[in-house]
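A.B. asks: Just so it is clear, I am handing over protein11.cif, which has mmCIF, C-alpha atoms.
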data_query
#
loop_
_atom_site.label_atom_id
_atom_site.label_comp_id
_atom_site.auth_asym_id
_atom_site.auth_seq_id
_atom_site.Cartn_x
_atom_site.Cartn_y
_atom_site.Cartn_z
CA MET X 1 4.84 -243.35 165.63
CA GLY X 2 5.63 -243.80 161.96
CA LYS X 3 8.42 -242.16 160.05
CA ILE X 4 7.44 -238.91 158.36
CA LEU X 5 10.89 -238.28 156.85
CA GLU X 6 13.63 -240.70 155.80
CA ILE X 7 17.03 -239.57 154.55
CA LYS X 8 18.77 -242.50 152.87
CA ASN X 9 22.47 -242.42 151.98
CA ALA X 10 22.21 -238.74 151.05
CA THR X 11 25.19 -237.40 149.13
CA LYS X 12 25.46 -233.94 147.59
CA ARG X 13 28.44 -232.88 145.48
CA PHE X 14 29.19 -229.44 144.05
CA GLY X 15 31.90 -230.24 141.55
CA GLY X 16 34.79 -231.58 143.60
CA LEU X 17 33.24 -230.46 146.91
CA VAL X 18 31.31 -233.12 148.82
CA ALA X 19 28.91 -231.19 151.06
CA ASN X 20 27.03 -234.27 152.33
CA GLU X 21 28.25 -237.85 152.10
CA ASN X 22 26.17 -240.96 152.70
CA VAL X 23 24.00 -239.42 155.43
CA THR X 24 21.11 -241.54 156.75
CA PHE X 25 18.60 -240.63 159.46
CA ASP X 26 14.83 -240.26 159.95
CA VAL X 27 12.23 -238.15 161.71
CA GLU X 28 9.15 -239.69 163.27
CA GLU X 29 5.67 -238.18 163.18
CA GLY X 30 5.35 -235.45 165.81
CA GLU X 31 9.03 -235.63 166.75
CA ILE X 32 11.50 -232.78 167.21
CA VAL X 33 14.96 -233.67 165.93
CA GLY X 34 17.92 -231.31 166.31
CA VAL X 35 20.70 -231.11 163.72
CA VAL X 36 24.02 -229.87 165.08
CA GLY X 37 27.59 -229.65 163.87
CA PRO X 38 30.45 -227.21 163.34
CA ASN X 39 30.31 -224.57 160.63
CA GLY X 40 30.65 -226.21 157.22
CA ALA X 41 29.21 -229.51 158.44
CA GLY X 42 26.62 -229.61 155.65
CA LYS X 43 23.54 -228.86 157.75
CA THR X 44 21.92 -226.25 155.49
CA THR X 45 22.89 -228.26 152.41
CA MET X 46 20.87 -231.12 153.86
CA PHE X 47 17.89 -228.80 154.37
CA ASN X 48 18.21 -227.59 150.79
CA SER X 49 18.11 -231.19 149.56
CA ILE X 50 15.04 -232.00 151.66
CA SER X 51 13.12 -228.89 150.57
CA GLY X 52 14.01 -229.24 146.88
CA ALA X 53 16.33 -226.26 146.49
CA HIS X 54 18.71 -228.72 144.88
CA ALA X 55 18.53 -232.44 144.20
CA LEU X 56 20.81 -234.97 145.82
CA THR X 57 23.69 -236.33 143.78
CA GLU X 58 23.04 -239.75 145.30
CA GLY X 59 20.58 -241.15 147.81
CA ASN X 60 16.92 -240.48 148.52
CA VAL X 61 14.59 -238.23 150.49
CA ILE X 62 11.37 -240.00 151.48
CA PHE X 63 8.42 -238.02 152.88
CA LYS X 64 5.42 -239.94 154.21
CA GLY X 65 6.52 -242.95 152.18
CA ARG X 66 6.91 -240.98 148.93
CA ASP X 67 10.21 -240.37 147.19
CA ILE X 68 10.55 -236.59 146.81
CA THR X 69 14.26 -236.57 145.90
CA SER X 70 13.82 -234.82 142.55
CA MET X 71 10.65 -232.84 143.22
CA LYS X 72 10.42 -229.04 142.92
CA PRO X 73 10.29 -226.89 146.09
CA TYR X 74 6.69 -225.73 145.49
CA ASP X 75 5.47 -229.32 145.08
CA ILE X 76 7.33 -230.39 148.23
CA CYS X 77 5.76 -227.48 150.08
CA ARG X 78 2.28 -228.51 148.95
CA LEU X 79 2.94 -232.05 150.16
CA GLY X 80 3.53 -230.74 153.67
CA ILE X 81 7.13 -229.60 154.24
CA GLY X 82 7.71 -225.99 155.30
CA ARG X 83 11.06 -224.35 155.95
CA THR X 84 12.71 -221.22 157.24
CA PHE X 85 16.09 -219.79 156.29
CA GLN X 86 19.09 -218.88 158.42
CA ILE X 87 18.97 -215.37 156.92
CA PRO X 88 15.28 -214.36 156.91
CA GLN X 89 13.85 -214.18 153.40
CA SER X 90 11.00 -211.77 154.09
CA LEU X 91 9.35 -209.89 151.24
CA ASN X 92 10.39 -206.49 152.53
CA GLU X 93 8.13 -204.41 150.28
CA LEU X 94 5.05 -206.23 151.56
CA LYS X 95 3.31 -205.99 154.92
CA VAL X 96 3.64 -208.71 157.54
CA TYR X 97 0.20 -210.14 156.87
CA GLU X 98 0.87 -210.12 153.12
CA ASN X 99 4.06 -212.15 153.67
CA VAL X 100 2.09 -214.75 155.60
CA LEU X 101 -0.71 -214.66 153.04
CA VAL X 102 1.79 -215.82 150.41
CA GLY X 103 2.21 -218.99 152.47
CA ALA X 104 -1.51 -219.39 153.14
CA LEU X 105 -2.35 -219.24 149.43
CA CYS X 106 -0.08 -222.21 148.81
CA LYS X 107 -3.00 -224.51 149.60
CA ARG X 108 -6.00 -222.16 149.53
CA ASN X 109 -7.75 -220.60 146.56
CA ASP X 110 -10.36 -218.78 148.63
CA MET X 111 -9.03 -215.39 149.78
CA GLU X 112 -11.41 -215.09 152.73
CA ALA X 113 -10.35 -218.49 154.06
CA ALA X 114 -6.69 -217.62 153.49
CA MET X 115 -7.00 -214.34 155.39
CA ALA X 116 -8.69 -216.09 158.32
CA HIS X 117 -5.83 -218.58 158.36
CA VAL X 118 -3.30 -215.73 158.32
CA ASP X 119 -4.92 -214.24 161.44
CA ASP X 120 -4.66 -217.60 163.22
CA ILE X 121 -0.99 -218.00 162.29
CA LEU X 122 -0.08 -214.45 163.31
CA GLN X 123 -1.72 -215.11 166.68
CA LEU X 124 0.13 -218.41 167.06
CA CYS X 125 3.48 -216.78 166.30
CA GLY X 126 2.87 -213.74 168.49
CA ILE X 127 3.08 -211.09 165.78
CA SER X 128 -0.56 -210.07 165.37
CA ASP X 129 0.23 -206.58 166.65
CA MET X 130 2.56 -205.92 163.71
CA LYS X 131 0.44 -207.39 160.92
CA HIS X 132 0.23 -204.02 159.09
CA GLU X 133 3.94 -203.22 159.46
CA MET X 134 6.17 -203.38 156.41
CA ALA X 135 8.32 -206.50 156.68
CA GLY X 136 11.44 -204.51 155.82
CA LYS X 137 11.06 -202.45 158.99
CA LEU X 138 11.14 -205.44 161.34
CA ASN X 139 14.21 -206.23 163.44
CA VAL X 140 15.95 -209.60 163.16
CA PRO X 141 14.02 -211.41 165.94
CA GLN X 142 10.74 -210.19 164.45
CA LYS X 143 11.76 -211.28 160.96
CA LYS X 144 12.59 -214.72 162.34
CA ARG X 145 9.07 -214.92 163.78
CA LEU X 146 7.67 -213.84 160.43
CA GLU X 147 9.75 -216.52 158.73
CA ILE X 148 8.19 -219.17 160.96
CA ALA X 149 4.72 -217.71 160.44
CA ARG X 150 5.01 -217.81 156.65
CA ALA X 151 6.19 -221.43 156.77
CA MET X 152 3.40 -222.39 159.18
CA ALA X 153 0.82 -220.76 156.91
CA THR X 154 1.51 -223.54 154.37
CA ASP X 155 0.09 -226.11 156.86
CA PRO X 156 3.27 -228.19 157.16
CA GLU X 157 3.34 -231.62 158.70
CA LEU X 158 7.15 -231.26 158.88
CA LEU X 159 8.79 -227.91 159.62
CA LEU X 160 12.48 -227.29 158.86
CA LEU X 161 13.96 -224.56 161.08
CA ASP X 162 17.39 -223.26 160.04
CA GLU X 163 19.09 -221.57 163.02
CA THR X 164 15.97 -219.87 164.33
CA MET X 165 17.81 -218.90 167.53
CA ALA X 166 20.85 -217.26 165.92
CA GLY X 167 21.31 -213.67 167.05
CA LEU X 168 18.61 -213.82 169.73
CA THR X 169 18.98 -212.78 173.35
CA ALA X 170 18.41 -215.28 176.16
CA THR X 171 14.85 -214.01 176.65
CA GLU X 172 14.15 -214.15 172.93
CA ARG X 173 15.52 -217.71 172.77
CA LYS X 174 13.20 -218.75 175.59
CA ASP X 175 10.24 -217.25 173.74
CA ALA X 176 11.33 -219.03 170.55
CA VAL X 177 11.59 -222.35 172.39
CA ASP X 178 8.06 -221.82 173.71
CA LEU X 179 6.86 -221.20 170.15
CA ILE X 180 8.57 -224.31 168.81
CA GLN X 181 6.99 -226.42 171.54
CA LYS X 182 3.59 -224.86 170.86
CA ILE X 183 3.90 -225.67 167.15
CA ASN X 184 4.99 -229.21 167.94
CA SER X 185 2.03 -229.67 170.30
CA LYS X 186 -0.20 -229.22 167.23
CA GLY X 187 1.30 -232.38 165.76
CA VAL X 188 3.90 -230.76 163.50
CA ALA X 189 7.19 -232.67 163.33
CA ILE X 190 10.23 -230.38 163.47
CA LEU X 191 13.76 -230.76 162.15
CA THR X 192 15.85 -227.89 163.49
CA ILE X 193 19.43 -226.76 162.89
CA GLU X 194 20.80 -225.24 166.06
CA HIS X 195 24.18 -224.29 167.54
CA ASN X 196 22.98 -223.54 171.06
CA MET X 197 23.11 -226.86 172.90
CA ASP X 198 20.87 -225.56 175.70
CA VAL X 199 18.15 -225.06 173.11
CA VAL X 200 18.82 -228.50 171.61
CA MET X 201 18.53 -230.06 175.05
CA ALA X 202 15.28 -228.18 175.71
CA VAL X 203 13.35 -229.15 172.58
CA SER X 204 14.84 -232.20 170.85
CA ARG X 205 13.96 -235.83 171.42
CA ARG X 206 16.90 -236.91 169.27
CA VAL X 207 19.93 -235.13 167.85
CA VAL X 208 21.71 -235.69 164.52
CA VAL X 209 25.37 -234.66 164.53
CA LEU X 210 27.07 -233.83 161.23
CA VAL X 211 30.79 -233.20 160.80
CA SER X 212 32.45 -232.42 157.46
CA GLY X 213 29.30 -233.49 155.63
CA LYS X 214 29.16 -236.91 157.27
CA LEU X 215 26.99 -238.38 159.99
CA LEU X 216 28.92 -238.48 163.25
CA THR X 217 26.22 -239.92 165.50
CA ILE X 218 22.52 -239.87 166.39
CA GLY X 219 21.15 -240.05 169.92
CA THR X 220 19.21 -238.39 172.69
CA PRO X 221 20.47 -234.96 173.81
CA ASP X 222 22.11 -236.54 176.86
CA GLU X 223 23.80 -239.21 174.78
CA VAL X 224 25.08 -236.69 172.26
CA THR X 225 26.39 -234.12 174.74
CA SER X 226 28.29 -236.80 176.65
CA ASN X 227 29.68 -238.51 173.54
CA PRO X 228 33.49 -238.07 173.35
CA LYS X 229 33.35 -238.00 169.54
CA VAL X 230 30.94 -235.06 169.62
CA ILE X 231 33.01 -233.20 172.21
CA SER X 232 36.13 -233.85 170.16
CA ALA X 233 34.50 -232.62 166.95
CA TYR X 234 33.35 -229.37 168.52
CA LEU X 235 36.68 -228.79 170.22
CA GLY X 236 38.76 -229.60 167.14
CA GLY X 237 39.88 -233.10 168.04
CA GLY X 238 39.27 -234.59 164.60
CA ALA X 239 36.70 -237.18 165.55
CA LYS X 240 35.88 -240.02 163.18
CA THR X 241 32.38 -240.54 161.85
CA ASP X 242 30.27 -243.65 162.36
CA GLY X 243 31.57 -246.46 160.21
CA GLU X 244 35.12 -245.13 160.04
#
Please re-express this file's structure in structure tokens.
C.D. replies:
Amino acid sequence: MGKILEIKNATKRFGGLVANENVTFDVEEGEIVGVVGPNGAGKTTMFNSISGAHALTEGNVIFKGRDITSMKPYDICRLGIGRTFQIPQSLNELKVYENVLVGALCKRNDMEAAMAHVDDILQLCGISDMKHEMAGKLNVPQKKRLEIARAMATDPELLLLDETMAGLTATERKDAVDLIQKINSKGVAILTIEHNMDVVMAVSRRVVVLVSGKLLTIGTPDEVTSNPKVISAYLGGGAKTDGE
């Protein structure tokens, strides 16, 4: 498999705050990679840099061999990167199908074709039965499904999932894992931020660990969960990052 995403020496500063520092990793085509780390590790900042919400201070984001470091979010989306947000960003005054239609129209000018695509995505994400509900009336698990559906409607080749499992029950997490695996089976590479290590173990081929904005380690789920540096970081032992 080739590399669909390459993060090279990514650094993001907000004034005197260094949110990410010299982070390097990649995602292969069709791969699921988990991103884990304590609160404040810089995980969402990294997603924001990849999706174009803000540009890196230093370093590069390469997607399918193209440098997208300074591109706008809508152009990055059209290239094939979709994302969700930790706090669902549904358009609450629109219906569920209208929310997903916004995503579908990213790459489609024909309304009939876009609507047909919306029906397929709603079916994939298991929310066809609520397509005419107002998005603002959905509960949190349903809004998280809608968030995934809207991102999938843009036909991503790489999907960024920001804490999709947060706030879900065990049953809801299992259903979400099934959905992630179903999406991945369609050839979509996935980069997912997750705190629940059981979920990480279930879906990820590799895991990226960030601590204090720096890369701690990269490895398989088994390698990461047995790594003393990772255990120390999560338990407050002040682990050092790679290269320190």
A.B. asks: Kindly give the distance, in Å, that separates CA of Ala135 (chain X) and CA of Met115 (chain X), rounded to a single decimal.
C.D. replies: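 So the two atoms, CA of Ala135 (chain X) and CA of Met115 (chain X), lie 17.3 Å apart.
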A.B. asks: Which is closer to Lys137 (chain X) than all the others in X:Thr225, X:Glu172, X:Leu17, X:Lys95, using only C-alpha atoms?
C.D. replies: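 Looking at the shortest contact to Lys137 (chain X), the residue is X:Lys95.
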A.B. asks: Show me, as an NGL selection string, the residues that have an atom within 9 Å of region 30-38 of chain X when counting all atoms listed in the file, minus same-chain residues fewer than 5 positions from it.
C.D. replies: :X and (1 or 4 or 43 or 157-158 or 181 or 184-197 or 200-201 or 203-212 or 216 or 221 or 230 or 233-234)
A.B. asks: Quick one: of X:Leu146, X:Val100, X:Val18, X:Ile180, who's nearest to Thr84 (chain X), counting all atoms listed in the file?
C.D. replies: X:Leu146
A.B. asks: Could you work out how far CA of Thr171 (chain X) lies from CA of Asp222 (chain X), giving the answer in Å with one decimal?
C.D. replies: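 For CA of Asp222 (chain X) relative to CA of Thr171 (chain X), the distance reads 23.7 Å.
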A.B. asks: Between CA of Glu98 (chain X) and CA of Gly167 (chain X), measure the distance and give it in Å to one decimal.
C.D. replies: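 So the two atoms, CA of Glu98 (chain X) and CA of Gly167 (chain X), lie 25.0 Å apart.
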A.B. asks: Please provide the set of residues having any atom within 8 Å of Gly136 (chain X), restricted to all atoms listed in the file, with same-chain residues fewer than 2 positions apart removed, written as an mmCIF file with C-alpha atoms, in the coordinates of the input.
C.D. replies:
data_model
loop_
_atom_site.group_PDB
_atom_site.id
_atom_site.type_symbol
_atom_site.label_atom_id
_atom_site.label_comp_id
_atom_site.auth_asym_id
_atom_site.auth_seq_id
_atom_site.Cartn_x
_atom_site.Cartn_y
_atom_site.Cartn_z
ATOM 1 C CA SER X 90 11.000 -211.770 154.090
ATOM 2 C CA LEU X 91 9.350 -209.890 151.240
ATOM 3 C CA ASN X 92 10.390 -206.490 152.530
ATOM 4 C CA GLU X 93 8.130 -204.410 150.280
ATOM 5 C CA LEU X 94 5.050 -206.230 151.560
ATOM 6 C CA MET X 134 6.170 -203.380 156.410
ATOM 7 C CA LEU X 138 11.140 -205.440 161.340
#
A.B. asks: Given the file above and the PyMOL selection byres ((chain X and resi 127) around 10), which residues are selected, and can you give them as a list of chain:residue names?
C.D. replies: X:Val96, X:Tyr97, X:Asp119, X:Ile121, X:Leu122, X:Gln123, X:Leu124, X:Cys125, X:Gly126, X:Ser128, X:Asp129, X:Met130, X:Lys131, X:Gln142, X:Lys143, X:Arg145, X:Leu146, X:Ala149
A.B. asks: With only C-alpha atoms as the atoms that count, which of X:Leu5, X:Met46, X:Leu168, X:Leu161 lies nearest to Ile68 (chain X)?
C.D. replies: X:Leu5
A.B. asks: On this structure, the PyMOL selection byres ((chain X and resi 74) around 12) would catch which residues? List them as JSON, numbers by chain, sorted by chain and number.
C.D. replies: {"X": [51, 52, 53, 68, 70, 71, 72, 73, 75, 76, 77, 78, 79, 80, 81, 82, 83, 103, 105, 106, 107, 154]}
A.B. asks: Hey, which of X:Pro141, X:Gly42, X:Gly59, X:Gly15 ends up closest to Leu215 (chain X)? Count only C-alpha atoms.
C.D. replies: X:Gly42
A.B. asks: Any idea what's packed within 7 Å of Asp26 (chain X), counting all atoms listed in the file, ignoring anything in its chain fewer than 6 positions away? Could you give it as a ChimeraX atom specification?
C.D. replies: /X:3,5-7
A.B. asks: Choose the residue, out of X:Ala170, X:Ile87, X:Val61, X:Ala114, that has the smallest atom-to-atom separation from Val27 (chain X); count only C-alpha atoms.
C.D. replies: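 Using only C-alpha atoms, Val27 (chain X) sits closest to X:Val61.
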A.B. asks: Within 12 Å of (17.5, -241.3, 151.6), all atoms listed in the file: residues as number ranges by chain?
C.D. replies: X: 5-12, 20-27, 46, 49-50, 55-63, 65-70
A.B. asks: Take the selection from the previous step and output its residues with C-alpha atoms, as a compact mmCIF listing (two decimals), keeping the file's coordinate frame.
C.D. replies:
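Below is the file that was written, part_5.txt:
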# COMPACT_ATOMS: atom_id res chain seq x y z
CA LEU X 5 10.89 -238.28 156.85
CA GLU X 6 13.63 -240.70 155.80
CA ILE X 7 17.03 -239.57 154.55
CA LYS X 8 18.77 -242.50 152.87
CA ASN X 9 22.47 -242.42 151.98
CA ALA X 10 22.21 -238.74 151.05
CA THR X 11 25.19 -237.40 149.13
CA LYS X 12 25.46 -233.94 147.59
CA ASN X 20 27.03 -234.27 152.33
CA GLU X 21 28.25 -237.85 152.10
CA ASN X 22 26.17 -240.96 152.70
CA VAL X 23 24.00 -239.42 155.43
CA THR X 24 21.11 -241.54 156.75
CA PHE X 25 18.60 -240.63 159.46
CA ASP X 26 14.83 -240.26 159.95
CA VAL X 27 12.23 -238.15 161.71
CA MET X 46 20.87 -231.12 153.86
CA SER X 49 18.11 -231.19 149.56
CA ILE X 50 15.04 -232.00 151.66
CA ALA X 55 18.53 -232.44 144.20
CA LEU X 56 20.81 -234.97 145.82
CA THR X 57 23.69 -236.33 143.78
CA GLU X 58 23.04 -239.75 145.30
CA GLY X 59 20.58 -241.15 147.81
CA ASN X 60 16.92 -240.48 148.52
CA VAL X 61 14.59 -238.23 150.49
CA ILE X 62 11.37 -240.00 151.48
CA PHE X 63 8.42 -238.02 152.88
CA GLY X 65 6.52 -242.95 152.18
CA ARG X 66 6.91 -240.98 148.93
CA ASP X 67 10.21 -240.37 147.19
CA ILE X 68 10.55 -236.59 146.81
CA THR X 69 14.26 -236.57 145.90
CA SER X 70 13.82 -234.82 142.55
